[in-house]
$ cat input.cif   # mmCIF, C-alpha atoms
data_final
#
loop_
_atom_site.label_atom_id
_atom_site.label_comp_id
_atom_site.auth_asym_id
_atom_site.auth_seq_id
_atom_site.Cartn_x
_atom_site.Cartn_y
_atom_site.Cartn_z
CA MET B 63 133.14 78.33 114.03
CA GLU B 64 129.95 77.12 115.65
CA THR B 65 127.44 75.29 113.50
CA VAL B 66 123.99 76.89 113.75
CA LEU B 67 122.09 74.84 111.19
CA THR B 68 122.75 71.28 110.08
CA VAL B 69 120.94 69.67 107.17
CA GLU B 70 121.17 65.89 106.92
CA ALA B 71 119.94 64.06 103.80
CA ALA B 72 117.01 66.47 103.38
CA THR B 73 114.54 65.35 100.72
CA LYS B 74 111.43 67.16 99.53
CA LEU B 75 108.78 66.20 96.98
CA TYR B 76 105.84 68.18 95.69
CA ARG B 77 102.77 66.49 94.27
CA MET B 78 101.09 67.92 91.19
CA GLY B 79 98.06 65.73 90.66
CA GLU B 80 99.43 62.23 90.26
CA VAL B 81 102.93 63.46 89.47
CA GLU B 82 105.68 63.73 92.09
CA VAL B 83 108.15 66.54 91.50
CA PRO B 84 111.41 66.23 93.47
CA ALA B 85 112.61 69.57 94.88
CA LEU B 86 115.47 68.36 97.10
CA ARG B 87 117.31 65.06 96.74
CA GLY B 88 119.31 64.26 99.89
CA ILE B 89 120.91 67.60 100.78
CA ASP B 90 123.72 67.64 103.38
CA LEU B 91 124.89 71.05 104.59
CA ALA B 92 126.33 72.68 107.71
CA LEU B 93 126.04 76.45 108.21
CA GLN B 94 128.12 78.38 110.73
CA LEU B 95 127.36 81.35 112.95
CA GLY B 96 128.35 84.65 111.36
CA GLU B 97 129.12 83.42 107.86
CA LEU B 98 127.59 84.71 104.64
CA VAL B 99 126.54 81.90 102.30
CA VAL B 100 125.08 82.26 98.82
CA LEU B 101 122.77 79.53 97.53
CA LEU B 102 123.15 79.80 93.76
CA GLY B 103 121.09 78.11 91.09
CA ALA B 104 118.61 78.43 88.28
CA SER B 105 114.86 78.51 88.78
CA GLY B 106 113.71 75.08 89.93
CA SER B 107 117.08 74.04 91.32
CA GLY B 108 115.72 73.75 94.88
CA LYS B 109 117.38 76.77 96.45
CA SER B 110 114.18 78.49 97.66
CA THR B 111 112.80 75.19 98.94
CA LEU B 112 115.99 74.70 100.93
CA LEU B 113 115.77 78.25 102.29
CA ASN B 114 112.16 77.69 103.38
CA ILE B 115 113.20 74.52 105.20
CA LEU B 116 116.08 76.35 106.93
CA GLY B 117 113.59 78.99 108.06
CA GLY B 118 111.00 76.57 109.41
CA LEU B 119 108.46 77.54 106.76
CA ASP B 120 108.52 74.00 105.37
CA VAL B 121 109.80 70.59 106.42
CA PRO B 122 111.48 67.82 104.41
CA ILE B 123 109.73 64.50 103.90
CA ALA B 124 112.96 62.73 104.83
CA GLY B 125 116.17 63.69 106.56
CA ARG B 126 116.74 66.12 109.44
CA VAL B 127 117.34 69.82 110.02
CA LEU B 128 118.92 70.83 113.32
CA TYR B 129 119.03 74.33 114.81
CA TRP B 130 121.88 73.91 117.29
CA ASP B 131 120.60 70.68 118.91
CA GLN B 132 116.88 71.25 118.24
CA ASP B 133 115.45 68.91 115.60
CA LEU B 134 113.19 71.14 113.51
CA THR B 135 111.87 68.20 111.53
CA ALA B 136 110.40 66.74 114.71
CA ALA B 137 108.99 70.07 115.93
CA ASN B 138 105.26 70.82 116.04
CA GLN B 139 103.77 73.95 114.49
CA ARG B 140 103.96 75.95 117.73
CA ALA B 141 107.66 75.16 118.11
CA LEU B 142 108.32 76.12 114.48
CA THR B 143 106.43 79.39 114.98
CA LEU B 144 108.56 80.21 118.03
CA TYR B 145 111.71 79.30 116.08
CA ARG B 146 110.77 81.68 113.26
CA ARG B 147 109.70 84.43 115.64
CA ASP B 148 112.68 84.30 117.97
CA HIS B 149 115.61 83.27 115.79
CA VAL B 150 115.03 83.93 112.08
CA GLY B 151 114.80 87.11 110.04
CA PHE B 152 113.36 86.85 106.53
CA VAL B 153 113.92 89.09 103.52
CA PHE B 154 111.88 88.17 100.45
CA GLN B 155 112.02 89.29 96.82
CA PHE B 156 108.95 91.46 97.34
CA TYR B 157 109.05 93.74 100.33
CA ASN B 158 105.72 92.84 101.98
CA LEU B 159 105.64 96.09 103.94
CA ILE B 160 102.26 97.14 105.33
CA PRO B 161 101.34 100.16 103.17
CA SER B 162 99.37 101.96 105.88
CA LEU B 163 102.35 101.95 108.29
CA THR B 164 105.52 104.03 108.13
CA ALA B 165 108.90 102.36 107.81
CA ARG B 166 109.41 102.83 111.56
CA GLU B 167 106.02 101.30 112.36
CA ASN B 168 106.65 98.34 110.05
CA VAL B 169 109.88 97.59 111.92
CA GLU B 170 108.28 98.09 115.35
CA LEU B 171 105.48 95.68 114.47
CA ALA B 172 107.97 92.98 113.48
CA CYS B 173 109.73 93.35 116.84
CA ASP B 174 106.60 92.77 118.91
CA GLY B 175 107.45 90.04 121.40
CA ALA B 176 111.18 89.98 120.63
CA GLU B 177 113.39 89.51 123.70
CA ARG B 178 116.13 92.02 122.85
CA PRO B 179 115.13 94.02 119.80
CA ILE B 180 117.11 96.78 118.17
CA ALA B 181 115.20 100.06 118.32
CA ALA B 182 113.37 100.64 115.04
CA ALA B 183 115.16 103.96 114.47
CA GLU B 184 118.54 102.29 115.04
CA ALA B 185 117.72 99.43 112.66
CA LEU B 186 116.62 101.86 109.96
CA GLU B 187 119.75 103.95 110.48
CA LEU B 188 121.83 100.79 110.05
CA VAL B 189 120.32 100.33 106.58
CA GLY B 190 120.72 104.00 105.64
CA LEU B 191 117.11 105.10 106.07
CA ARG B 192 117.36 107.51 108.96
CA SER B 193 115.76 110.30 106.92
CA ARG B 194 112.99 108.04 105.58
CA MET B 195 111.81 106.28 108.72
CA ASP B 196 108.56 108.24 108.96
CA HIS B 197 107.69 107.75 105.29
CA PHE B 198 105.09 105.26 104.09
CA PRO B 199 106.11 102.51 101.63
CA GLY B 200 104.32 104.32 98.81
CA GLN B 201 106.60 107.32 99.37
CA MET B 202 109.76 105.22 99.02
CA SER B 203 111.60 103.74 96.05
CA GLY B 204 111.79 99.99 95.54
CA GLY B 205 115.34 99.88 96.83
CA GLU B 206 114.40 101.88 99.92
CA GLN B 207 111.47 99.56 100.60
CA GLN B 208 113.77 96.55 100.36
CA ARG B 209 116.23 98.16 102.77
CA ALA B 210 113.32 98.80 105.14
CA ALA B 211 112.47 95.11 104.81
CA VAL B 212 116.04 94.25 105.81
CA ALA B 213 115.72 96.56 108.84
CA ARG B 214 112.50 94.78 109.78
CA ALA B 215 114.24 91.41 109.52
CA ILE B 216 117.28 92.30 111.62
CA ALA B 217 115.58 94.40 114.30
CA LYS B 218 114.82 91.40 116.49
CA ARG B 219 118.54 90.41 116.43
CA PRO B 220 118.05 87.04 114.73
CA ASP B 221 120.71 84.34 114.79
CA ILE B 222 119.81 83.61 111.17
CA LEU B 223 119.06 86.02 108.32
CA LEU B 224 117.50 84.39 105.25
CA CYS B 225 117.27 86.40 102.03
CA ASP B 226 115.34 85.02 99.05
CA GLU B 227 116.26 86.86 95.82
CA PRO B 228 116.49 90.20 97.69
CA THR B 229 117.63 92.07 94.56
CA GLY B 230 115.10 90.48 92.21
CA ALA B 231 112.56 93.31 92.25
CA VAL B 232 114.93 96.28 91.98
CA ASP B 233 117.38 97.59 89.37
CA SER B 234 121.08 96.82 89.60
CA LYS B 235 122.04 100.10 91.32
CA ALA B 236 119.42 99.64 94.04
CA GLY B 237 120.31 95.95 94.18
CA VAL B 238 123.92 96.73 95.06
CA GLN B 239 122.70 99.08 97.80
CA VAL B 240 120.54 96.26 99.20
CA LEU B 241 123.51 93.89 99.12
CA GLU B 242 125.68 96.48 100.93
CA VAL B 243 123.04 96.62 103.68
CA ILE B 244 122.92 92.82 103.98
CA GLU B 245 126.72 92.70 104.06
CA ARG B 246 126.87 95.36 106.79
CA CYS B 247 124.22 93.63 108.90
CA ASN B 248 126.07 90.33 108.60
CA LEU B 249 129.31 91.91 109.78
CA GLU B 250 127.88 94.08 112.55
CA LEU B 251 125.24 91.72 113.96
CA GLY B 252 127.06 88.42 113.37
CA ALA B 253 124.02 86.50 112.15
CA LEU B 254 124.39 83.51 109.87
CA THR B 255 123.29 85.03 106.55
CA VAL B 256 122.02 82.85 103.70
CA LEU B 257 121.25 84.58 100.43
CA VAL B 258 119.41 82.82 97.59
CA THR B 259 120.02 84.09 94.07
CA HIS B 260 120.18 83.03 90.44
CA ASN B 261 122.62 85.88 89.76
CA SER B 262 126.15 84.45 89.67
CA ALA B 263 127.74 87.91 90.08
CA ILE B 264 126.38 88.11 93.65
CA ALA B 265 128.25 84.93 94.63
CA ALA B 266 131.50 86.93 94.74
CA MET B 267 130.52 88.57 98.06
CA ALA B 268 130.00 85.27 99.92
CA GLU B 269 132.35 83.35 102.15
CA ARG B 270 130.88 80.16 100.72
CA VAL B 271 128.93 79.47 97.55
CA VAL B 272 126.66 76.44 97.40
CA SER B 273 125.44 75.76 93.86
CA LEU B 274 122.28 73.71 93.44
CA ALA B 275 120.98 71.89 90.38
CA ASP B 276 118.03 69.51 90.14
CA GLY B 277 117.62 69.42 93.91
CA ARG B 278 121.21 68.44 94.62
CA ILE B 279 124.35 70.29 95.66
CA ALA B 280 126.35 70.50 92.45
CA GLU B 281 129.28 72.36 94.00
CA ALA B 282 130.27 73.92 97.32
CA ARG B 283 133.28 76.20 97.47
CA ARG B 284 134.87 78.96 99.49
CA ASN B 285 135.77 82.26 97.91
CA SER B 286 139.49 82.75 98.43
CA LEU B 287 139.01 86.46 97.75
CA ARG B 288 135.65 88.00 98.64
CA ARG B 289 134.48 91.11 96.86
CA LYS B 290 132.69 93.93 98.61
CA ALA B 291 129.08 94.36 97.60
CA ARG B 292 129.85 97.81 96.17
CA GLU B 293 132.31 96.17 93.75
CA ILE B 294 129.66 93.91 92.21
CA SER B 295 127.82 94.78 89.03
CA TRP B 296 125.53 93.01 86.59
#

$ encode --input "input.cif" --output "structure tokens"
Amino acid sequence: METVLTVEAATKLYRMGEVEVPALRGIDLALQLGELVVLLGASGSGKSTLLNILGGLDVPIAGRVLYWDQDLTAANQRALTLYRRDHVGFVFQFYNLIPSLTARENVELACDGAERPIAAAEALELVGLRSRMDHFPGQMSGGEQQRAAVARAIAKRPDILLCDEPTGAVDSKAGVQVLEVIERCNLELGALTVLVTHNSAIAAMAERVVSLADGRIAEARRNSLRRKAREISW
């Protein structure tokens, strides 16, 4: 498998007044095209910081992050913006849909400038929202809004799909539906998919599980038997 993202000795500190708070302590990680990886850990373990660095939203204070052979840690803000726009799809815990736009319009807006976007209607059909594409966010359930957010993220055909606690704001039934959508998009579009969660049950659907604690990788393992998202419950 081809390595899309390489993290080498990534370190990140946050300053709170005169106090330095370490978020990442020398992370090494290689992520391959098409795989589904779960970053698992408790609050404060560093998993969201690592995801933000993978997505070009933040940079480490030491170490390197490579996208193919592009050094993101040496990139300027314009280059990072282009990287995020052209290659990365984001799904956050809260949907961040524009309330005055329909689901279709939210997806179309996200695809502005994309080189080879998926049609908004096709992306929404992929996530099971064909009948809801002309509804506004306020007319949709939380789970439907999150699926619309996934459609928005994948419509530009990203190489990388980054999901930060995508089930955190919905109940378990809707959460499983969101995970089924992420699973389907990973399989059908072939994007490297990285999913951050504190919910250990979700780890069963991953090819690889990387557990973080105190800013370090505590364990990295492959699932010998992956479970389908529809088989997961919590």

$ residues_around --input "input.cif" --residues "range 183-189 of chain B" --least-positions-apart "4" --cutoff "8 Å" --atoms "only C-alpha atoms" --output "list of chain:residue names"
B:Arg166, B:Met195, B:Arg209, B:Ala210, B:Val212, B:Ala213, B:Arg214, B:Ile216, B:Ala217, B:Val243, B:Cys247

$ residues_around --input "input.cif" --residues "range 134-138 of chain B" --least-positions-apart "4" --cutoff "12 Å" --atoms "only C-alpha atoms" --output "PyMOL selection string"
chain B and resi 67-73+115-130+142-146

$ residues_around --input "input.cif" --residues "range 98-103 of chain B" --least-positions-apart "6" --cutoff "12 Å" --atoms "all atoms listed in the file" --output "VMD selection string"
chain B and resid 91 to 92 109 to 113 116 222 to 228 241 244 to 249 251 to 285 288

$ atom_distance --input "input.cif" --atom1 "CA of Asn158 in chain B" --atom2 "CA of Ala104 in chain B"
23.7 Å

$ closest_residue --input "input.cif" --among "B:Ser105, B:Asn168, B:Thr65, B:Ser203" --to "Gly237 in chain B" --atoms "only C-alpha atoms"
B:Ser203

$ closest_residue --input "input.cif" --among "B:Pro84, B:Val240, B:Ala211, B:Met202" --to "Val153 in chain B" --atoms "only C-alpha atoms"
B:Ala211

$ resolve_selection --input "input.cif" --expression "the PyMOL selection byres ((chain B and resi 163) around 12)" --output "NGL selection string"
:B and (158-162 or 164-172 or 195-201 or 210)

$ atom_distance --input "input.cif" --atom1 "CA of Phe152 in chain B" --atom2 "CA of Arg219 in chain B"
11.7 Å

$ atom_distance --input "input.cif" --atom1 "CA of Asp90 in chain B" --atom2 "CA of Asp148 in chain B"
24.7 Å

$ residues_near_point --input "input.cif" --point "(130.1, 98.7, 93.9)" --cutoff "9 Å" --atoms "all atoms listed in the file" --output "NGL selection string"
:B and (235 or 238-239 or 242 or 290-295)

$ closest_residue --input "input.cif" --among "B:Thr229, B:Phe154, B:Gln139, B:Lys218" --to "Gly175 in chain B" --atoms "all atoms listed in the file"
B:Lys218

$ closest_residue --input "input.cif" --among "B:Ala215, B:Ala236, B:Ala231, B:Leu95" --to "Glu64 in chain B" --atoms "only C-alpha atoms"
B:Leu95

$ decode --input "input.cif" --residues "range 232-255 of chain B" --atoms "N, CA and C atoms" --output "PDB file, in the first residue's frame"
ATOM      1  N   VAL B 232     -24.580  12.867  18.404  1.00  0.00           N
ATOM      2  CA  VAL B 232     -25.818  12.163  18.043  1.00  0.00           C
ATOM      3  C   VAL B 232     -25.976  10.938  18.935  1.00  0.00           C
ATOM      4  N   ASP B 233     -27.193  10.385  18.979  1.00  0.00           N
ATOM      5  CA  ASP B 233     -27.415   9.183  19.785  1.00  0.00           C
ATOM      6  C   ASP B 233     -26.794   7.972  19.098  1.00  0.00           C
ATOM      7  N   SER B 234     -26.802   6.832  19.799  1.00  0.00           N
ATOM      8  CA  SER B 234     -26.072   5.669  19.291  1.00  0.00           C
ATOM      9  C   SER B 234     -26.649   5.145  17.977  1.00  0.00           C
ATOM     10  N   LYS B 235     -27.971   5.177  17.816  1.00  0.00           N
ATOM     11  CA  LYS B 235     -28.572   4.699  16.565  1.00  0.00           C
ATOM     12  C   LYS B 235     -28.139   5.566  15.395  1.00  0.00           C
ATOM     13  N   ALA B 236     -28.229   6.883  15.555  1.00  0.00           N
ATOM     14  CA  ALA B 236     -27.775   7.783  14.489  1.00  0.00           C
ATOM     15  C   ALA B 236     -26.271   7.683  14.308  1.00  0.00           C
ATOM     16  N   GLY B 237     -25.549   7.448  15.412  1.00  0.00           N
ATOM     17  CA  GLY B 237     -24.101   7.312  15.326  1.00  0.00           C
ATOM     18  C   GLY B 237     -23.675   6.143  14.457  1.00  0.00           C
ATOM     19  N   VAL B 238     -24.364   5.020  14.601  1.00  0.00           N
ATOM     20  CA  VAL B 238     -24.063   3.856  13.766  1.00  0.00           C
ATOM     21  C   VAL B 238     -24.346   4.169  12.299  1.00  0.00           C
ATOM     22  N   GLN B 239     -25.418   4.895  12.023  1.00  0.00           N
ATOM     23  CA  GLN B 239     -25.721   5.283  10.644  1.00  0.00           C
ATOM     24  C   GLN B 239     -24.609   6.175  10.074  1.00  0.00           C
ATOM     25  N   VAL B 240     -24.090   7.078  10.888  1.00  0.00           N
ATOM     26  CA  VAL B 240     -22.981   7.934  10.448  1.00  0.00           C
ATOM     27  C   VAL B 240     -21.745   7.079  10.162  1.00  0.00           C
ATOM     28  N   LEU B 241     -21.461   6.121  11.034  1.00  0.00           N
ATOM     29  CA  LEU B 241     -20.308   5.246  10.825  1.00  0.00           C
ATOM     30  C   LEU B 241     -20.471   4.398   9.562  1.00  0.00           C
ATOM     31  N   GLU B 242     -21.699   3.939   9.279  1.00  0.00           N
ATOM     32  CA  GLU B 242     -21.949   3.177   8.052  1.00  0.00           C
ATOM     33  C   GLU B 242     -21.638   4.031   6.827  1.00  0.00           C
ATOM     34  N   VAL B 243     -21.994   5.314   6.884  1.00  0.00           N
ATOM     35  CA  VAL B 243     -21.722   6.227   5.772  1.00  0.00           C
ATOM     36  C   VAL B 243     -20.223   6.415   5.598  1.00  0.00           C
ATOM     37  N   ILE B 244     -19.505   6.618   6.694  1.00  0.00           N
ATOM     38  CA  ILE B 244     -18.043   6.787   6.622  1.00  0.00           C
ATOM     39  C   ILE B 244     -17.395   5.520   6.069  1.00  0.00           C
ATOM     40  N   GLU B 245     -17.858   4.371   6.535  1.00  0.00           N
ATOM     41  CA  GLU B 245     -17.349   3.085   6.064  1.00  0.00           C
ATOM     42  C   GLU B 245     -17.575   2.935   4.557  1.00  0.00           C
ATOM     43  N   ARG B 246     -18.773   3.278   4.096  1.00  0.00           N
ATOM     44  CA  ARG B 246     -19.093   3.151   2.674  1.00  0.00           C
ATOM     45  C   ARG B 246     -18.243   4.098   1.833  1.00  0.00           C
ATOM     46  N   CYS B 247     -18.075   5.326   2.299  1.00  0.00           N
ATOM     47  CA  CYS B 247     -17.260   6.290   1.558  1.00  0.00           C
ATOM     48  C   CYS B 247     -15.805   5.842   1.480  1.00  0.00           C
ATOM     49  N   ASN B 248     -15.306   5.276   2.562  1.00  0.00           N
ATOM     50  CA  ASN B 248     -13.936   4.757   2.562  1.00  0.00           C
ATOM     51  C   ASN B 248     -13.771   3.654   1.520  1.00  0.00           C
ATOM     52  N   LEU B 249     -14.733   2.752   1.465  1.00  0.00           N
ATOM     53  CA  LEU B 249     -14.638   1.628   0.533  1.00  0.00           C
ATOM     54  C   LEU B 249     -14.829   2.067  -0.914  1.00  0.00           C
ATOM     55  N   GLU B 250     -15.797   2.947  -1.155  1.00  0.00           N
ATOM     56  CA  GLU B 250     -16.143   3.295  -2.533  1.00  0.00           C
ATOM     57  C   GLU B 250     -15.245   4.370  -3.122  1.00  0.00           C
ATOM     58  N   LEU B 251     -14.738   5.272  -2.292  1.00  0.00           N
ATOM     59  CA  LEU B 251     -13.904   6.360  -2.804  1.00  0.00           C
ATOM     60  C   LEU B 251     -12.409   6.095  -2.607  1.00  0.00           C
ATOM     61  N   GLY B 252     -12.065   5.187  -1.699  1.00  0.00           N
ATOM     62  CA  GLY B 252     -10.668   4.812  -1.518  1.00  0.00           C
ATOM     63  C   GLY B 252      -9.802   5.832  -0.814  1.00  0.00           C
ATOM     64  N   ALA B 253     -10.410   6.769  -0.110  1.00  0.00           N
ATOM     65  CA  ALA B 253      -9.625   7.771   0.616  1.00  0.00           C
ATOM     66  C   ALA B 253      -9.070   7.177   1.902  1.00  0.00           C
ATOM     67  N   LEU B 254      -7.852   7.581   2.262  1.00  0.00           N
ATOM     68  CA  LEU B 254      -7.361   7.320   3.605  1.00  0.00           C
ATOM     69  C   LEU B 254      -8.344   7.959   4.585  1.00  0.00           C
ATOM     70  N   THR B 255      -8.876   7.176   5.501  1.00  0.00           N
ATOM     71  CA  THR B 255      -9.879   7.668   6.450  1.00  0.00           C
ATOM     72  C   THR B 255      -9.347   7.517   7.862  1.00  0.00           C
TER      73      THR B 255
END
